Amino acid sequence: MVKGARKILVLGCRGCVAVCSAGGDKEVKILSAALKLGVKRSGGEIEIDEDTLVRQCDPEYIEPLNERAKDYDLVMSMACGVGVNFVADRCPDVNVVPALNTTFYGANLSSGEWKELCAGCGACVLHLTGGLCPVARCAKSLSNGPCGGSQGGRCEINPDVPCIWQLIYDRLSKQDRKEELKNIMPIRDWTTAGHGGPRRRVREDLLP
Amino acid sequence: MSKIKGFCCNYTMSVDVDALKEGGLVPEGLEIDRLACTGRLEVPEILDAFTNGADAVFVVGCQMDKCHNLSGSYRASKRVRYAKKILKELDMDPELLEMFFADRGHSEPIVEAARLMASKTQGNSQDRDQ
């Protein structure tokens, strides 16, 4: 990605990626140091500037790059994929590349460990499943109970993965709500989950 | 001559490095940065040491269970491990970076560490000097 670039800007984000130790100030410093060392070893020369924006998902932080990034051959965004896309959308002349491979949106189990808990599917059923998501946490995103691959409370894809339908059953049983599981969920409409094309949300009350 | 960079904590490095050099105990190309605690050492500083010409880098902290600041040595060892991964990604020998642990006020482990790291660079520094 950086091959041929003489001057680059490593651009972090102080939002979610900073909290996840993936693309905040500290990680910007690490990546820059690694790039400098790598380029030096390959006999090249590179000038690297570092900065971290408050967020890379709001225009007021991104748009100044139109002027500022004129000096750079490359902007390496350490934001999630949203930031990279937003720079690309808003800054036509900025050559932006991703410095992160955004994997998922999850929770921090303990220091250094994250787990996907929500798929942002746009058709939430958590009120029916005891707060445990069968869309994000079932390998098949099943709506009405486990498949035959659920053995001993574990998913067949990996013994480290609990069967979420087992957990839903256990949790609702404990809360004396097991009967609720007899309500069959209708066939799911996946258009809100991205299958209907890129999603967009408008809130009239917030529009300028 | 190999350039060796050492990061030592305030408690493990009690002897002046020039005195060690004068005594012929450590390689001439040794440079030591004395830190308040190795727990303050960050990955970029380790990588920058290589970028600035070090052939090998080592870190000496207190014994893991006797760290003056409780977890400083532990933090440093984790960062060294991470920096080693980056070196590997950059196609460098991760063994050119090591973490050592020493009892408070004992300079022998530092001398040994410096010598060991110098021995690992034999060949590499010659390439650079040519």
# chains A, B, ... in the order shown; residues from 1 in each chain; ligands from 1

call {"tool": "interface_residues", "arguments": {"of": "chain A", "to": "chain B", "cutoff": "7 Å", "atoms": "only C-alpha atoms", "output": "list in words"}}
result
Lys29, Ile30, Ala33, Ala34, Lys36, Leu37, Gly38 and Lys40 of chain A

call {"tool": "select_by_dssp", "arguments": {"residues": "range 6-126 of chain B", "states": "strand (DSSP E or B)", "output": "PyMOL selection string"}}
result
chain B and resi 6-9+30-35+56-62+97-102

call {"tool": "residues_around", "arguments": {"residues": "Lys120 in chain B", "least_positions_apart": "6", "cutoff": "8 Å", "atoms": "only C-alpha atoms", "output": "mmCIF file with C-alpha atoms, in the first residue's frame"}}
result
data_model
loop_
_atom_site.group_PDB
_atom_site.id
_atom_site.type_symbol
_atom_site.label_atom_id
_atom_site.label_comp_id
_atom_site.auth_asym_id
_atom_site.auth_seq_id
_atom_site.Cartn_x
_atom_site.Cartn_y
_atom_site.Cartn_z
ATOM 1 C CA ALA B 56 20.157 -5.336 18.452
ATOM 2 C CA GLU B 95 15.874 -12.562 18.347
ATOM 3 C CA LEU B 96 17.618 -9.242 17.821
#

call {"tool": "select_by_dssp", "arguments": {"residues": "range 63-115 of chain B", "states": "alpha helix (DSSP H)", "output": "PyMOL selection string"}}
result
chain B and resi 72-89+108-115

call {"tool": "write_last_selection", "arguments": {"atoms": "N, CA and C atoms", "output": "PDB file, in the first residue's frame"}}
result
ATOM      1  N   GLY B  72       5.704  -3.256  36.231  1.00  0.00           N
ATOM      2  CA  GLY B  72       6.479  -2.615  35.157  1.00  0.00           C
ATOM      3  C   GLY B  72       7.185  -3.618  34.265  1.00  0.00           C
ATOM      4  N   SER B  73       7.852  -4.584  34.875  1.00  0.00           N
ATOM      5  CA  SER B  73       8.575  -5.591  34.089  1.00  0.00           C
ATOM      6  C   SER B  73       7.615  -6.414  33.238  1.00  0.00           C
ATOM      7  N   TYR B  74       6.470  -6.705  33.812  1.00  0.00           N
ATOM      8  CA  TYR B  74       5.465  -7.498  33.093  1.00  0.00           C
ATOM      9  C   TYR B  74       4.976  -6.738  31.858  1.00  0.00           C
ATOM     10  N   ARG B  75       4.703  -5.448  32.061  1.00  0.00           N
ATOM     11  CA  ARG B  75       4.250  -4.623  30.931  1.00  0.00           C
ATOM     12  C   ARG B  75       5.333  -4.561  29.860  1.00  0.00           C
ATOM     13  N   ALA B  76       6.570  -4.365  30.298  1.00  0.00           N
ATOM     14  CA  ALA B  76       7.670  -4.281  29.332  1.00  0.00           C
ATOM     15  C   ALA B  76       7.806  -5.582  28.554  1.00  0.00           C
ATOM     16  N   SER B  77       7.673  -6.707  29.257  1.00  0.00           N
ATOM     17  CA  SER B  77       7.850  -7.990  28.567  1.00  0.00           C
ATOM     18  C   SER B  77       6.762  -8.195  27.518  1.00  0.00           C
ATOM     19  N   LYS B  78       5.559  -7.714  27.811  1.00  0.00           N
ATOM     20  CA  LYS B  78       4.475  -7.844  26.825  1.00  0.00           C
ATOM     21  C   LYS B  78       4.755  -6.967  25.605  1.00  0.00           C
ATOM     22  N   ARG B  79       5.290  -5.779  25.854  1.00  0.00           N
ATOM     23  CA  ARG B  79       5.577  -4.875  24.731  1.00  0.00           C
ATOM     24  C   ARG B  79       6.737  -5.400  23.896  1.00  0.00           C
ATOM     25  N   VAL B  80       7.709  -6.007  24.574  1.00  0.00           N
ATOM     26  CA  VAL B  80       8.823  -6.608  23.830  1.00  0.00           C
ATOM     27  C   VAL B  80       8.286  -7.722  22.935  1.00  0.00           C
ATOM     28  N   ARG B  81       7.365  -8.497  23.476  1.00  0.00           N
ATOM     29  CA  ARG B  81       6.770  -9.603  22.702  1.00  0.00           C
ATOM     30  C   ARG B  81       6.030  -9.049  21.473  1.00  0.00           C
ATOM     31  N   TYR B  82       5.331  -7.956  21.665  1.00  0.00           N
ATOM     32  CA  TYR B  82       4.603  -7.348  20.557  1.00  0.00           C
ATOM     33  C   TYR B  82       5.570  -6.780  19.511  1.00  0.00           C
ATOM     34  N   ALA B  83       6.620  -6.126  20.001  1.00  0.00           N
ATOM     35  CA  ALA B  83       7.609  -5.559  19.081  1.00  0.00           C
ATOM     36  C   ALA B  83       8.300  -6.665  18.284  1.00  0.00           C
ATOM     37  N   LYS B  84       8.508  -7.817  18.921  1.00  0.00           N
ATOM     38  CA  LYS B  84       9.113  -8.951  18.214  1.00  0.00           C
ATOM     39  C   LYS B  84       8.225  -9.380  17.045  1.00  0.00           C
ATOM     40  N   LYS B  85       6.919  -9.378  17.271  1.00  0.00           N
ATOM     41  CA  LYS B  85       5.983  -9.744  16.203  1.00  0.00           C
ATOM     42  C   LYS B  85       6.112  -8.784  15.025  1.00  0.00           C
ATOM     43  N   ILE B  86       6.258  -7.500  15.355  1.00  0.00           N
ATOM     44  CA  ILE B  86       6.389  -6.496  14.290  1.00  0.00           C
ATOM     45  C   ILE B  86       7.704  -6.714  13.532  1.00  0.00           C
ATOM     46  N   LEU B  87       8.774  -7.012  14.269  1.00  0.00           N
ATOM     47  CA  LEU B  87      10.058  -7.264  13.604  1.00  0.00           C
ATOM     48  C   LEU B  87       9.929  -8.423  12.628  1.00  0.00           C
ATOM     49  N   LYS B  88       9.217  -9.442  13.058  1.00  0.00           N
ATOM     50  CA  LYS B  88       9.019 -10.612  12.197  1.00  0.00           C
ATOM     51  C   LYS B  88       8.261 -10.215  10.931  1.00  0.00           C
ATOM     52  N   GLU B  89       7.225  -9.386  11.119  1.00  0.00           N
ATOM     53  CA  GLU B  89       6.463  -8.908   9.963  1.00  0.00           C
ATOM     54  C   GLU B  89       7.336  -8.127   8.999  1.00  0.00           C
ATOM     55  N   GLU B 108      25.791  -7.650  36.594  1.00  0.00           N
ATOM     56  CA  GLU B 108      26.197  -8.813  35.781  1.00  0.00           C
ATOM     57  C   GLU B 108      25.171  -9.184  34.714  1.00  0.00           C
ATOM     58  N   PRO B 109      23.878  -9.230  35.051  1.00  0.00           N
ATOM     59  CA  PRO B 109      22.919  -9.619  34.005  1.00  0.00           C
ATOM     60  C   PRO B 109      22.911  -8.645  32.829  1.00  0.00           C
ATOM     61  N   ILE B 110      23.199  -7.376  33.109  1.00  0.00           N
ATOM     62  CA  ILE B 110      23.231  -6.394  32.025  1.00  0.00           C
ATOM     63  C   ILE B 110      24.452  -6.630  31.144  1.00  0.00           C
ATOM     64  N   VAL B 111      25.566  -6.904  31.782  1.00  0.00           N
ATOM     65  CA  VAL B 111      26.792  -7.212  31.028  1.00  0.00           C
ATOM     66  C   VAL B 111      26.564  -8.446  30.161  1.00  0.00           C
ATOM     67  N   GLU B 112      25.985  -9.460  30.755  1.00  0.00           N
ATOM     68  CA  GLU B 112      25.727 -10.705  30.004  1.00  0.00           C
ATOM     69  C   GLU B 112      24.767 -10.454  28.862  1.00  0.00           C
ATOM     70  N   ALA B 113      23.727  -9.661  29.130  1.00  0.00           N
ATOM     71  CA  ALA B 113      22.735  -9.364  28.085  1.00  0.00           C
ATOM     72  C   ALA B 113      23.397  -8.640  26.920  1.00  0.00           C
ATOM     73  N   ALA B 114      24.221  -7.646  27.241  1.00  0.00           N
ATOM     74  CA  ALA B 114      24.883  -6.866  26.187  1.00  0.00           C
ATOM     75  C   ALA B 114      25.787  -7.760  25.351  1.00  0.00           C
ATOM     76  N   ARG B 115      26.506  -8.630  26.022  1.00  0.00           N
ATOM     77  CA  ARG B 115      27.409  -9.539  25.291  1.00  0.00           C
ATOM     78  C   ARG B 115      26.634 -10.508  24.402  1.00  0.00           C
TER      79      ARG B 115
END

call {"tool": "residues_around", "arguments": {"residues": "Thr121 in chain B", "least_positions_apart": "6", "cutoff": "12 Å", "atoms": "only C-alpha atoms", "output": "list in words"}}
result
Met1, Ser2, Lys3, Ile4, Lys5, Pro27, Gly29, Ala54, Asp55, Ala56, Val57, Met92, Asp93, Pro94, Glu95, Leu96, Leu97, Ala114, Arg115, Asp127 and Arg128 of chain B

call {"tool": "write_last_selection", "arguments": {"atoms": "C-alpha atoms", "output": "PDB file, in the first residue's frame"}}
result
ATOM      1  CA  MET B   1      31.310  -2.519  15.414  1.00  0.00           C
ATOM      2  CA  SER B   2      27.817  -3.572  16.417  1.00  0.00           C
ATOM      3  CA  LYS B   3      25.490  -0.972  17.831  1.00  0.00           C
ATOM      4  CA  ILE B   4      23.596  -2.383  20.771  1.00  0.00           C
ATOM      5  CA  LYS B   5      20.858  -0.451  22.499  1.00  0.00           C
ATOM      6  CA  PRO B  27      30.854  -4.034  23.806  1.00  0.00           C
ATOM      7  CA  GLY B  29      28.945   0.009  20.693  1.00  0.00           C
ATOM      8  CA  ALA B  54      20.859  -0.330  16.533  1.00  0.00           C
ATOM      9  CA  ASP B  55      21.735  -3.831  15.356  1.00  0.00           C
ATOM     10  CA  ALA B  56      20.157  -5.336  18.452  1.00  0.00           C
ATOM     11  CA  VAL B  57      18.040  -4.062  21.304  1.00  0.00           C
ATOM     12  CA  MET B  92      13.762  -9.038  10.682  1.00  0.00           C
ATOM     13  CA  ASP B  93      15.120 -11.563  13.133  1.00  0.00           C
ATOM     14  CA  PRO B  94      12.972 -11.236  16.282  1.00  0.00           C
ATOM     15  CA  GLU B  95      15.874 -12.562  18.347  1.00  0.00           C
ATOM     16  CA  LEU B  96      17.618  -9.242  17.821  1.00  0.00           C
ATOM     17  CA  LEU B  97      15.297  -7.997  20.541  1.00  0.00           C
ATOM     18  CA  ALA B 114      24.883  -6.866  26.187  1.00  0.00           C
ATOM     19  CA  ARG B 115      27.409  -9.539  25.291  1.00  0.00           C
ATOM     20  CA  ASP B 127      27.212  -5.800   6.257  1.00  0.00           C
ATOM     21  CA  ARG B 128      26.366  -2.313   7.409  1.00  0.00           C
TER      22      ARG B 128
END

call {"tool": "residues_around", "arguments": {"residues": "range 177-187 of chain A", "least_positions_apart": "6", "cutoff": "10 Å", "atoms": "only C-alpha atoms", "output": "NGL selection string"}}
result
:A and (125 or 128-130 or 143-145 or 168-171)

call {"tool": "residues_around", "arguments": {"residues": "Gly44 in chain A", "least_positions_apart": "5", "cutoff": "12 Å", "atoms": "only C-alpha atoms", "output": "list in words"}}
result
Val2, Lys3, Gly4, Ala5, Arg6, Lys7, Leu35, Lys36, Leu37, Gly38 and Val39 of chain A

call {"tool": "residues_around", "arguments": {"residues": "Asp16 in chain B", "least_positions_apart": "3", "cutoff": "12 Å", "atoms": "only C-alpha atoms", "output": "list of chain:residue names"}}
result
B:Cys8, B:Asn10, B:Thr12, B:Met13, B:Ala19, B:Leu20, B:Lys21, B:Glu22, B:Gly23, B:Leu25, B:Val26, B:Leu30, B:Glu31, B:Ile32, B:Asp33, B:Arg34, B:Gly105, B:Ser107, B:Ile110, B:Val111

call {"tool": "write_last_selection", "arguments": {"atoms": "C-alpha atoms", "output": "PDB file, in the first residue's frame"}}
result
ATOM      1  CA  CYS B   8      17.271  -0.604  31.671  1.00  0.00           C
ATOM      2  CA  ASN B  10      16.446   2.713  37.317  1.00  0.00           C
ATOM      3  CA  THR B  12      18.566  -2.747  37.633  1.00  0.00           C
ATOM      4  CA  MET B  13      21.118  -0.331  36.122  1.00  0.00           C
ATOM      5  CA  ALA B  19      32.698   2.416  33.608  1.00  0.00           C
ATOM      6  CA  LEU B  20      31.626  -0.949  32.210  1.00  0.00           C
ATOM      7  CA  LYS B  21      33.120  -0.035  28.834  1.00  0.00           C
ATOM      8  CA  GLU B  22      36.401   1.124  30.384  1.00  0.00           C
ATOM      9  CA  GLY B  23      36.610  -2.163  32.194  1.00  0.00           C
ATOM     10  CA  LEU B  25      33.127  -5.691  30.230  1.00  0.00           C
ATOM     11  CA  VAL B  26      30.637  -4.653  27.561  1.00  0.00           C
ATOM     12  CA  LEU B  30      26.649  -0.318  23.677  1.00  0.00           C
ATOM     13  CA  GLU B  31      24.319   2.511  24.521  1.00  0.00           C
ATOM     14  CA  ILE B  32      22.051   2.340  27.553  1.00  0.00           C
ATOM     15  CA  ASP B  33      18.898   4.334  28.168  1.00  0.00           C
ATOM     16  CA  ARG B  34      18.058   4.370  31.829  1.00  0.00           C
ATOM     17  CA  GLY B 105      21.617  -3.394  41.741  1.00  0.00           C
ATOM     18  CA  SER B 107      25.130  -5.310  36.847  1.00  0.00           C
ATOM     19  CA  ILE B 110      23.231  -6.394  32.025  1.00  0.00           C
ATOM     20  CA  VAL B 111      26.792  -7.212  31.028  1.00  0.00           C
TER      21      VAL B 111
END

call {"tool": "atom_distance", "arguments": {"atom1": "CA of Leu65 in chain A", "atom2": "CA of Ala79 in chain A"}}
result
14.5 Å
